[in-house]
$ cat upload_18.txt   # compact mmCIF, C-alpha atoms
# COMPACT_ATOMS: atom_id res chain seq x y z
CA MET G 2 -90.94 -74.94 18.79
CA ALA G 3 -90.98 -71.77 20.93
CA PHE G 4 -87.17 -71.53 20.69
CA ILE G 5 -87.11 -71.67 16.88
CA ASP G 6 -86.54 -68.18 15.46
CA ASN G 7 -86.91 -68.96 11.76
CA TYR G 8 -88.99 -72.04 10.87
CA ALA G 9 -87.82 -72.14 7.25
CA ALA G 10 -84.12 -72.00 8.20
CA HIS G 11 -84.64 -74.62 10.91
CA ALA G 12 -87.11 -77.10 9.44
CA LEU G 13 -86.06 -77.26 5.77
CA ILE G 14 -82.87 -79.34 5.72
CA GLU G 15 -81.32 -81.98 3.43
CA ASP G 16 -84.25 -83.93 1.88
CA SER G 17 -86.94 -81.51 3.12
CA PRO G 18 -87.44 -79.80 -0.27
CA ILE G 19 -88.20 -83.20 -1.86
CA TYR G 20 -91.18 -83.63 0.49
CA TRP G 21 -92.23 -79.98 0.87
CA ASN G 22 -92.14 -79.22 -2.86
CA GLY G 23 -93.40 -82.72 -3.69
CA ALA G 24 -96.62 -82.09 -1.76
CA ARG G 25 -97.16 -78.90 -3.81
CA TYR G 26 -96.46 -80.76 -7.07
CA TRP G 27 -99.05 -83.37 -6.09
CA ILE G 28 -101.65 -80.62 -5.57
CA GLU G 29 -100.77 -78.93 -8.87
CA SER G 30 -100.58 -82.08 -10.99
CA GLY G 31 -103.17 -84.27 -9.28
CA PHE G 32 -100.80 -87.23 -8.93
CA PHE G 33 -97.67 -88.29 -7.00
CA SER G 34 -95.17 -86.35 -9.08
CA VAL G 35 -91.98 -84.38 -9.40
CA PHE G 36 -91.54 -81.25 -11.55
CA ASN G 37 -88.68 -81.62 -14.01
CA SER G 38 -87.81 -79.84 -17.29
CA GLY G 39 -91.12 -78.00 -17.41
CA SER G 40 -93.40 -81.01 -16.86
CA TYR G 41 -94.73 -83.25 -14.09
CA LEU G 42 -93.28 -86.75 -14.01
CA PRO G 43 -94.05 -89.69 -11.68
CA GLU G 44 -92.10 -89.45 -8.42
CA THR G 45 -89.86 -92.52 -8.25
CA GLU G 46 -87.25 -91.51 -5.66
CA ARG G 47 -89.60 -91.58 -2.66
CA VAL G 48 -92.69 -93.42 -1.39
CA PRO G 49 -95.85 -91.35 -0.88
CA ILE G 50 -97.09 -91.44 2.75
CA TYR G 51 -95.16 -88.41 4.03
CA HIS G 52 -96.13 -86.44 0.92
CA MET G 53 -99.75 -87.37 1.65
CA PHE G 54 -99.34 -86.12 5.23
CA LEU G 55 -98.08 -82.74 3.95
CA VAL G 56 -100.60 -82.29 1.12
CA PRO G 57 -103.55 -81.01 3.27
CA PHE G 58 -101.29 -78.48 5.03
CA ARG G 59 -99.85 -77.21 1.73
CA TRP G 60 -103.35 -77.00 0.25
CA ILE G 61 -104.81 -75.07 3.21
CA PHE G 62 -101.83 -73.05 4.51
CA GLY G 63 -99.56 -72.78 1.46
CA ASP G 64 -95.92 -72.15 2.41
CA VAL G 65 -96.58 -71.73 6.17
CA LEU G 66 -94.51 -74.34 8.04
CA LEU G 67 -95.94 -74.07 11.54
CA PRO G 68 -99.17 -76.15 11.04
CA PRO G 69 -97.46 -79.37 9.81
CA LEU G 70 -94.79 -79.01 12.50
CA LEU G 71 -97.47 -78.73 15.19
CA ALA G 72 -99.20 -81.79 13.72
CA GLN G 73 -95.91 -83.68 13.87
CA ALA G 74 -95.58 -82.70 17.53
CA VAL G 75 -98.99 -84.29 18.14
CA PHE G 76 -97.98 -87.51 16.34
CA ASP G 77 -94.72 -87.53 18.30
CA SER G 78 -96.67 -87.19 21.56
CA ILE G 79 -98.89 -90.14 20.58
CA THR G 80 -95.74 -92.14 19.83
CA CYS G 81 -94.51 -91.40 23.37
CA VAL G 82 -97.80 -92.73 24.76
CA ILE G 83 -97.52 -95.92 22.66
CA ILE G 84 -93.94 -96.44 23.91
CA ALA G 85 -95.25 -96.05 27.48
CA MET G 86 -97.97 -98.62 26.74
CA LEU G 87 -95.32 -101.02 25.38
CA GLY G 88 -93.33 -100.57 28.60
CA ASP G 89 -96.48 -101.12 30.65
CA MET G 90 -96.74 -104.61 29.10
CA LEU G 91 -93.60 -105.42 31.12
CA ASN G 92 -94.58 -103.64 34.35
CA LYS G 93 -96.01 -100.34 35.53
CA LYS G 94 -92.69 -98.72 36.44
CA THR G 95 -91.11 -99.61 33.10
CA GLY G 96 -94.14 -98.07 31.36
CA LEU G 97 -93.81 -94.90 33.40
CA PHE G 98 -90.08 -94.53 32.76
CA ALA G 99 -90.47 -95.46 29.07
CA GLY G 100 -93.04 -92.73 28.56
CA LEU G 101 -90.88 -90.24 30.43
CA PHE G 102 -87.71 -91.07 28.44
CA ALA G 103 -89.64 -90.93 25.16
CA ALA G 104 -91.10 -87.52 26.03
CA LEU G 105 -87.64 -86.21 26.94
CA SER G 106 -85.83 -87.79 23.98
CA PHE G 107 -84.14 -84.95 22.12
CA ASN G 108 -83.89 -87.17 19.05
CA LEU G 109 -87.70 -87.44 18.88
CA ILE G 110 -88.23 -83.77 19.77
CA LEU G 111 -85.75 -82.52 17.18
CA HIS G 112 -87.03 -84.62 14.27
CA SER G 113 -90.63 -83.59 14.95
CA SER G 114 -89.50 -79.99 14.26
CA LEU G 115 -88.09 -80.85 10.81
CA ILE G 116 -89.85 -81.38 7.48
CA ILE G 117 -88.61 -84.94 7.01
CA SER G 118 -90.41 -88.27 7.30
CA GLU G 119 -88.88 -89.55 10.56
CA THR G 120 -91.69 -88.54 12.96
CA ILE G 121 -94.50 -90.09 10.91
CA PHE G 122 -92.36 -93.17 10.22
CA LEU G 123 -91.62 -93.57 13.93
CA PHE G 124 -95.33 -93.32 14.80
CA LEU G 125 -96.14 -96.06 12.27
CA ILE G 126 -93.27 -98.41 13.22
CA THR G 127 -94.04 -97.97 16.95
CA SER G 128 -97.71 -98.76 16.27
CA MET G 129 -96.57 -101.88 14.41
CA LEU G 130 -94.45 -102.89 17.41
CA PHE G 131 -97.39 -102.33 19.75
CA PHE G 132 -99.79 -104.57 17.82
CA ALA G 133 -97.07 -107.19 17.25
CA ALA G 134 -96.46 -107.23 21.03
CA ARG G 135 -100.22 -107.53 21.65
CA TYR G 136 -100.31 -110.48 19.26
CA LEU G 137 -97.53 -112.14 21.28
CA ASN G 138 -99.58 -111.62 24.45
CA ARG G 139 -103.11 -112.38 23.22
CA ARG G 140 -102.67 -114.33 19.94
CA ARG G 141 -105.53 -112.38 18.33
CA LEU G 142 -105.59 -112.33 14.55
CA LEU G 143 -106.84 -108.72 14.62
CA ASP G 144 -103.56 -107.66 16.24
CA ALA G 145 -101.55 -109.51 13.57
CA SER G 146 -103.59 -107.78 10.86
CA LEU G 147 -103.08 -104.32 12.40
CA ALA G 148 -99.36 -105.01 12.83
CA GLY G 149 -99.25 -105.81 9.09
CA LEU G 150 -101.22 -102.69 8.14
CA PHE G 151 -98.96 -100.36 10.13
CA CYS G 152 -95.90 -102.15 8.73
CA GLY G 153 -97.18 -101.56 5.19
CA LEU G 154 -97.78 -97.87 5.94
CA ALA G 155 -94.28 -97.64 7.45
CA ILE G 156 -92.81 -99.16 4.26
CA MET G 157 -94.70 -96.52 2.26
CA THR G 158 -92.96 -93.90 4.40
CA ARG G 159 -89.45 -95.39 4.36
CA THR G 160 -88.70 -98.53 2.36
CA LEU G 161 -85.97 -99.86 4.67
CA VAL G 162 -88.68 -101.86 6.53
CA LEU G 163 -89.45 -103.86 3.39
CA LEU G 164 -87.98 -107.17 4.62
CA MET G 165 -89.39 -106.96 8.14
CA PRO G 166 -92.90 -108.39 7.43
CA LEU G 167 -91.26 -111.42 5.81
CA ALA G 168 -89.21 -112.04 8.97
CA MET G 169 -92.31 -111.57 11.14
CA ALA G 170 -94.34 -113.94 8.95
CA VAL G 171 -91.63 -116.62 9.24
CA ALA G 172 -91.55 -116.20 13.04
CA ALA G 173 -95.34 -116.29 13.59
CA PRO G 174 -95.88 -120.08 13.11
CA PHE G 175 -92.97 -120.91 15.43
CA ILE G 176 -94.32 -118.53 18.09
CA SER G 177 -97.74 -120.17 17.76
CA ARG G 178 -96.20 -123.66 17.99
CA TYR G 179 -94.18 -122.71 21.08
CA CYS G 180 -97.02 -120.93 22.92
CA ARG G 181 -100.06 -122.95 21.84
CA GLY G 182 -98.66 -126.21 20.55
CA SER G 183 -100.26 -125.52 17.15
CA TRP G 184 -98.91 -124.33 13.82
CA THR G 185 -102.27 -123.42 12.29
CA SER G 186 -103.03 -120.10 13.99
CA GLY G 187 -99.45 -118.95 13.33
CA PHE G 188 -99.75 -119.64 9.60
CA VAL G 189 -103.09 -117.79 9.49
CA ALA G 190 -101.56 -114.84 11.37
CA ALA G 191 -98.60 -114.79 8.97
CA LEU G 192 -100.88 -114.74 5.92
CA LEU G 193 -103.01 -111.93 7.39
CA LEU G 194 -99.90 -109.94 8.30
CA LEU G 195 -98.53 -110.21 4.75
CA LEU G 196 -101.92 -109.41 3.20
CA PHE G 197 -102.43 -106.25 5.27
CA THR G 198 -98.82 -105.22 4.71
CA ALA G 199 -99.34 -105.52 0.95
CA LEU G 200 -102.47 -103.32 0.87
CA PRO G 201 -100.70 -99.92 1.18
CA LEU G 202 -97.96 -101.11 -1.23
CA ALA G 203 -100.35 -102.18 -4.00
CA PRO G 204 -100.99 -98.77 -5.67
CA ILE G 205 -97.29 -97.92 -6.11
CA ILE G 206 -96.40 -101.44 -7.24
CA HIS G 207 -99.26 -101.31 -9.78
CA ARG G 208 -98.12 -97.89 -11.07
CA ASN G 209 -94.48 -98.95 -11.40
CA LEU G 210 -95.40 -102.20 -13.13
CA SER G 211 -97.65 -100.33 -15.56
CA GLN G 212 -95.30 -97.43 -16.31
CA PHE G 213 -91.81 -98.80 -15.66
CA ASP G 214 -92.26 -102.58 -15.92
CA THR G 215 -90.85 -103.20 -12.43
CA PRO G 216 -92.37 -104.02 -9.02
CA GLN G 217 -89.66 -101.98 -7.22
CA LEU G 218 -91.04 -99.29 -4.93
CA THR G 219 -88.35 -96.64 -5.60
CA ASN G 220 -85.25 -96.14 -7.70
CA GLN G 221 -83.12 -95.24 -4.65
CA THR G 222 -81.68 -98.72 -3.99
CA GLY G 223 -78.86 -98.36 -6.49
CA VAL G 224 -77.86 -94.87 -5.34
CA HIS G 225 -77.92 -95.93 -1.69
CA MET G 226 -75.89 -99.09 -2.28
CA LEU G 227 -73.26 -97.54 -4.59
CA ASN G 228 -72.83 -94.03 -3.22
CA TRP G 229 -73.38 -94.70 0.47
CA VAL G 230 -72.85 -98.37 1.35
CA VAL G 231 -69.93 -98.98 -1.04
CA GLY G 232 -68.76 -95.36 -0.88
CA LEU G 233 -68.45 -95.27 2.91
CA THR G 234 -66.93 -98.75 3.09
CA LYS G 235 -64.27 -97.88 0.49
CA SER G 236 -63.68 -94.54 2.20
CA LEU G 237 -62.91 -96.35 5.45
CA GLU G 238 -60.78 -98.93 3.66
CA SER G 239 -58.66 -96.35 1.83
CA GLY G 240 -58.72 -93.53 4.38
CA LYS G 241 -59.90 -91.08 1.70
CA GLY G 242 -62.73 -88.57 2.19
CA PHE G 243 -66.24 -89.71 1.29
CA ASP G 244 -66.71 -87.12 -1.49
CA ALA G 245 -63.51 -88.22 -3.25
CA VAL G 246 -64.54 -91.90 -3.17
CA SER G 247 -68.09 -91.07 -4.27
CA LYS G 248 -66.72 -89.12 -7.25
CA GLU G 249 -64.58 -92.12 -8.28
CA LEU G 250 -67.57 -94.48 -8.05
CA ASN G 251 -69.73 -92.18 -10.17
CA GLU G 252 -66.98 -92.03 -12.80
CA GLN G 253 -66.89 -95.86 -12.79
CA TYR G 254 -70.67 -95.90 -13.22
CA GLU G 255 -70.54 -93.49 -16.17
CA ALA G 256 -67.80 -95.55 -17.84
CA LYS G 257 -69.86 -98.73 -17.30
CA ILE G 258 -72.97 -97.14 -18.89
CA LEU G 259 -70.94 -95.83 -21.85
CA LYS G 260 -69.41 -99.26 -22.47
CA LYS G 261 -72.65 -101.19 -22.05
CA PHE G 262 -75.18 -98.91 -23.78
CA GLY G 263 -73.17 -96.48 -25.86
CA LYS G 264 -72.95 -92.69 -25.92
CA GLY G 265 -76.12 -90.63 -25.45
CA THR G 266 -78.25 -93.43 -23.97
CA VAL G 267 -80.85 -92.20 -21.49
CA LEU G 268 -81.84 -94.87 -18.98
CA SER G 269 -85.10 -94.98 -17.05
CA PRO G 270 -84.79 -94.18 -13.31
CA PHE G 271 -85.20 -97.85 -12.38
CA GLU G 272 -82.77 -99.13 -15.03
CA SER G 273 -80.20 -96.59 -13.82
CA SER G 274 -80.75 -97.84 -10.26
CA ASN G 275 -80.30 -101.45 -11.39
CA GLN G 276 -77.01 -100.63 -13.11
CA ARG G 277 -75.73 -98.83 -10.00
CA LEU G 278 -76.79 -101.81 -7.89
CA GLU G 279 -74.94 -104.17 -10.23
CA LEU G 280 -71.77 -102.08 -9.94
CA ALA G 281 -72.18 -101.89 -6.14
CA PHE G 282 -72.27 -105.70 -5.87
CA GLU G 283 -69.24 -105.97 -8.16
CA GLU G 284 -67.35 -103.64 -5.83
CA LEU G 285 -68.47 -105.49 -2.70
CA LYS G 286 -67.37 -108.84 -4.17
CA ILE G 287 -63.76 -107.70 -4.54
CA MET G 288 -63.62 -106.05 -1.12
CA PRO G 289 -62.05 -107.95 1.78
CA LEU G 290 -64.66 -109.28 4.21
CA SER G 291 -62.84 -107.44 6.99
CA SER G 292 -63.42 -104.10 5.22
CA ILE G 293 -67.14 -104.80 4.87
CA ALA G 294 -67.34 -105.85 8.54
CA LYS G 295 -65.46 -102.67 9.52
CA GLY G 296 -67.99 -100.60 7.57
CA TRP G 297 -70.95 -102.18 9.36
CA VAL G 298 -69.28 -101.77 12.78
CA TYR G 299 -68.60 -98.13 11.89
CA GLY G 300 -72.27 -97.59 11.01
CA THR G 301 -73.46 -99.36 14.17
CA ILE G 302 -71.26 -97.28 16.48
CA ASN G 303 -72.24 -94.11 14.63
CA SER G 304 -75.96 -94.86 14.87
CA LEU G 305 -75.95 -95.87 18.53
CA ALA G 306 -73.52 -93.28 19.89
CA SER G 307 -74.10 -90.18 17.72
CA PRO G 308 -75.72 -87.42 19.78
CA ALA G 309 -78.96 -86.00 18.40
CA VAL G 310 -77.82 -82.47 19.31
CA ALA G 311 -75.32 -82.67 16.43
CA LEU G 312 -78.26 -82.74 13.98
CA ASP G 313 -79.91 -79.60 15.39
CA PRO G 314 -79.67 -76.93 12.66
CA ARG G 315 -78.74 -74.34 15.31
CA VAL G 316 -75.77 -76.47 16.38
CA ARG G 317 -74.89 -77.53 12.83
CA LYS G 318 -74.35 -73.87 11.93
CA LEU G 319 -71.33 -73.96 14.24
CA ASN G 320 -69.81 -76.94 12.40
CA ILE G 321 -66.97 -76.05 10.04
CA ASN G 322 -65.86 -79.60 9.18
CA SER G 323 -67.32 -82.77 7.64
CA PHE G 324 -67.25 -86.07 9.53
CA TYR G 325 -67.74 -88.16 6.38
CA ASN G 326 -64.94 -86.31 4.59
CA SER G 327 -62.56 -86.49 7.55
CA ARG G 328 -59.50 -88.66 7.01
CA GLY G 329 -59.03 -91.93 8.87
CA THR G 330 -59.47 -95.67 8.48
CA ASN G 331 -61.79 -96.07 11.48
CA ILE G 332 -64.43 -94.10 13.34
CA PHE G 333 -62.04 -93.02 16.10
CA ASP G 334 -59.39 -91.62 13.73
CA ARG G 335 -62.08 -89.72 11.86
CA ALA G 336 -63.63 -88.43 15.09
CA ILE G 337 -60.25 -87.06 16.28
CA HIS G 338 -59.59 -85.39 12.91
CA PHE G 339 -63.16 -84.04 12.80
CA LEU G 340 -63.10 -82.55 16.31
CA SER G 341 -59.53 -81.21 16.26
CA ASN G 342 -60.31 -79.11 13.17
CA ASN G 343 -63.66 -77.77 14.30
CA ASN G 344 -65.34 -74.87 16.11
CA PRO G 345 -64.74 -75.16 19.92
CA ALA G 346 -68.40 -74.31 20.64
CA TYR G 347 -69.57 -77.08 18.29
CA THR G 348 -67.07 -79.50 19.84
CA PHE G 349 -68.47 -78.68 23.32
CA PHE G 350 -72.05 -79.45 22.26
CA LEU G 351 -70.95 -82.60 20.45
CA LEU G 352 -68.87 -84.00 23.32
CA SER G 353 -71.64 -83.21 25.83
CA GLY G 354 -74.04 -85.12 23.64
CA VAL G 355 -71.63 -88.05 23.32
CA ILE G 356 -71.37 -88.31 27.14
CA VAL G 357 -75.18 -88.47 27.42
CA SER G 358 -75.27 -91.06 24.60
CA MET G 359 -72.69 -93.21 26.42
CA LEU G 360 -74.75 -93.12 29.61
CA CYS G 361 -77.87 -94.13 27.66
CA ILE G 362 -75.99 -97.00 25.95
CA PHE G 363 -74.82 -98.26 29.35
CA LEU G 364 -78.38 -98.23 30.69
CA GLN G 365 -79.71 -99.89 27.53
CA MET G 366 -77.17 -102.71 27.76
CA PHE G 367 -77.97 -103.16 31.46
CA GLY G 368 -81.68 -103.21 30.63
CA LEU G 369 -81.19 -105.80 27.88
CA ILE G 370 -79.23 -108.09 30.22
CA ALA G 371 -81.88 -107.71 32.94
CA LEU G 372 -84.65 -108.35 30.40
CA LEU G 373 -82.93 -111.53 29.23
CA ARG G 374 -83.27 -112.86 32.79
CA HIS G 375 -86.95 -111.94 33.16
CA HIS G 376 -88.47 -111.99 29.65
CA ILE G 377 -86.04 -113.79 27.35
CA TRP G 378 -88.35 -113.87 24.30
CA LEU G 379 -89.09 -110.14 24.47
CA ALA G 380 -85.37 -109.41 24.88
CA LEU G 381 -84.52 -111.56 21.85
CA PHE G 382 -87.23 -110.02 19.65
CA GLY G 383 -86.17 -106.52 20.72
CA THR G 384 -82.54 -107.32 19.91
CA LEU G 385 -83.45 -108.76 16.50
CA PHE G 386 -85.50 -105.63 15.76
CA VAL G 387 -82.48 -103.42 16.56
CA LEU G 388 -80.10 -105.64 14.57
CA TYR G 389 -82.39 -105.56 11.53
CA PHE G 390 -82.12 -101.77 11.20
CA LEU G 391 -78.40 -101.73 11.95
CA LEU G 392 -77.81 -104.36 9.25
CA VAL G 393 -79.91 -102.69 6.54
CA SER G 394 -78.34 -99.28 7.29
CA GLY G 395 -74.86 -100.77 6.91
CA PRO G 396 -72.03 -98.23 7.21
CA VAL G 397 -74.49 -95.30 7.05
CA GLY G 398 -75.14 -94.08 10.57
CA SER G 399 -76.16 -91.07 12.66
CA ALA G 400 -78.75 -90.19 15.29
CA LYS G 401 -81.24 -89.93 12.41
CA TYR G 402 -80.71 -93.60 11.57
CA ARG G 403 -81.32 -94.46 15.25
CA ILE G 404 -84.91 -93.17 15.02
CA PRO G 405 -86.51 -96.53 14.02
CA ILE G 406 -84.91 -98.37 16.95
CA GLU G 407 -85.48 -95.64 19.56
CA PRO G 408 -88.67 -97.31 20.93
CA VAL G 409 -86.82 -100.55 21.72
CA LEU G 410 -83.74 -98.74 23.08
CA ILE G 411 -86.00 -96.61 25.28
CA LEU G 412 -87.72 -99.76 26.57
CA PHE G 413 -84.35 -101.35 27.42
CA GLN G 414 -83.32 -98.14 29.20
CA ALA G 415 -86.63 -97.87 31.07
CA PHE G 416 -86.42 -101.49 32.22
CA ALA G 417 -82.90 -100.82 33.52
CA VAL G 418 -83.96 -97.75 35.49
CA ALA G 419 -87.00 -99.61 36.87
CA GLU G 420 -84.70 -102.43 38.03
CA ILE G 421 -82.26 -99.95 39.63
CA TYR G 422 -85.17 -98.11 41.28
CA ASN G 423 -86.55 -101.33 42.74
CA LYS G 424 -83.13 -102.39 44.08
CA LEU G 425 -82.52 -99.00 45.71
CA LYS G 426 -86.01 -98.93 47.17
CA HIS G 427 -85.58 -102.42 48.60
CA LYS G 428 -82.16 -101.52 50.06
CA PHE G 429 -83.03 -98.18 51.65
CA PHE G 430 -86.76 -98.60 52.25
CA PRO G 431 -87.29 -102.31 52.95
$ encode --input "upload_18.txt" --output "C-alpha cells"
Amino acid sequence: MAFIDNYAAHALIEDSPIYWNGARYWIESGFFSVFNSGSYLPETERVPIYHMFLVPFRWIFGDVLLPPLLAQAVFDSITCVIIAMLGDMLNKKTGLFAGLFAALSFNLILHSSLIISETIFLFLITSMLFFAARYLNRRRLLDASLAGLFCGLAIMTRTLVLLMPLAMAVAAPFISRYCRGSWTSGFVAALLLLLFTALPLAPIIHRNLSQFDTPQLTNQTGVHMLNWVVGLTKSLESGKGFDAVSKELNEQYEAKILKKFGKGTVLSPFESSNQRLELAFEELKIMPLSSIAKGWVYGTINSLASPAVALDPRVRKLNINSFYNSRGTNIFDRAIHFLSNNNPAYTFFLLSGVIVSMLCIFLQMFGLIALLRHHIWLALFGTLFVLYFLLVSGPVGSAKYRIPIEPVLILFQAFAVAEIYNKLKHKFFP
C-alpha cells in the first residue's frame, strides 16, 4: 500500500466501478440496486456480499479508498493465518511454510489492494475449507454447519461456487461410512451443510422469484457462457482475435432475438441471459470435442501459469498488446505473438513472473505427489477442489482466476518444501 501513488488509478480497475458505485447506490436507494436511466433498479448482475462489505466505508468515508483497502489487508492477513492452520493439520513445518508462502503471495497481496471481490471471497472460501477439513478430522456437525455457512457466503460473493455444496453433500455420507462405518452422521452433516449454505442465498432467491419469476442468483450466466466460454473457445478454434469472435456472437444473438420475439422487444435481464445461454449451448453442440477440450486446457494453463505481476496496474500500464486478441490457435502461439509485439519492459516483468510461476508449479506437483503417499484422502480432496474451479472457469483463465485455488496450491507447495527440508536436514544433520 505504501508504494501506491494514486489509490484511485491503482485500485479501480475492470469491474471495480460496479462494486464501488453499487455500494453508493445501495446507500442512496436503501436496497441492492443499480442506477440506470434516472432511476434505481434491482441489481441483477452481481451478488451482494462485497457490496455489503463496501457500504459502511462508503457511508462513513465517502469516496476515500484507503479505509476499505486497509480492511481488505486485514482480511487477507486472516486468510494467511487460516492457510497456516490448514497446513498445521498436516504437520508443524507445513503449517509454517504455508503461512509464509501465503503472506508472501503476490497474488493475494495485489488483489487485496484492488476494489474487487477476490480478497473477501478468498477469506470465505478458505474458511469453508478450514471447517470442512475440521469436519474430516473430528466429524463434528458444528464444523459441517460452519462449512456450509461460509460456502453460502462465498456463493453470495462469487456464484461460481454454486455447485460445490452439492458435491460436498454427496461426499459426506461416503466419508462417514468409510471413517465410522455409519451412513447416518454423514447424511445429517450433508443436510446441515446444505441448510446453512442456503441461508445466505434465501433473500436474493426470494427477491428474484418475486420480481423476476426465477430462482437464478444473477443474470451473468448467459453472458459468461456466450461471450467468454464460447467466445474464447471459438477464438482458439479459428485463430481470430477474441473481440472479433465476440462481435460475431453478439450479432448472432441479436438476430436470434429478432427472429424469435420480433423487432423492439425488450427482454428482462434474466430472459436475456437465458437466450444467450441457449445460443451458447447451440454453439457448443456443433463444436468438435477437441476444440472444447483445447479451450479448457488453454484456460487451465493460463490460470495455473499466469504471473500475478501481469495484473498489477503499474505493470499493465506498460502493456501495449492484448493477449486475448492475439492471433494463434493455442496458448503458445498467442503468447509468442503477444510478447513479440509488446513493450520490452513489460515483457521482462511478465517473463520473470512466468519463471517464478513455473517454479511454484513444480513444487506444487511435487507436494501433491508426496501428499498422495502420506495423506491420500487429503490429496484427492485437494485435487478435486482445484479441478472444480478449473472446470467451471473453462477457457477463461488468469492469475485472478487462480485466487480460489491458491490455498490448496499453497498447501501443496508448503508440503513439498517441508519434505525437501526434512530430507536435507536428515542428510546433512543426521
$ residues_around --input "upload_18.txt" --residues "Ala281 of chain G" --least-positions-apart "2" --cutoff "8 Å" --atoms "only C-alpha atoms" --output "ChimeraX atom specification"
/G:223,226-227,231,277-279,283-285
$ atom_distance --input "upload_18.txt" --atom1 "atom CA of Thr219 of chain G" --atom2 "atom CA of Pro49 of chain G"
10.3 Å
$ atom_distance --input "upload_18.txt" --atom1 "atom CA of Phe363 of chain G" --atom2 "atom CA of Ala417 of chain G"
9.4 Å
$ atom_distance --input "upload_18.txt" --atom1 "atom CA of Phe349 of chain G" --atom2 "atom CA of Leu70 of chain G"
28.5 Å
$ closest_residue --input "upload_18.txt" --among "G:Ile19, G:Leu202, G:Met129, G:Ala168" --to "Pro408 of chain G" --atoms "all atoms listed in the file"
G:Met129
$ residues_near_point --input "upload_18.txt" --point "(-71.2, -87.2, 10.7)" --cutoff "12 Å" --atoms "all atoms listed in the file" --output "ChimeraX atom specification"
/G:233,243,299-300,302-304,306-312,317,320-327,332,335-336,338-340,351,396-402
$ closest_residue --input "upload_18.txt" --among "G:Ile362, G:Ile110, G:Val48, G:Leu237" --to "Ile206 of chain G" --atoms "all atoms listed in the file"
G:Val48
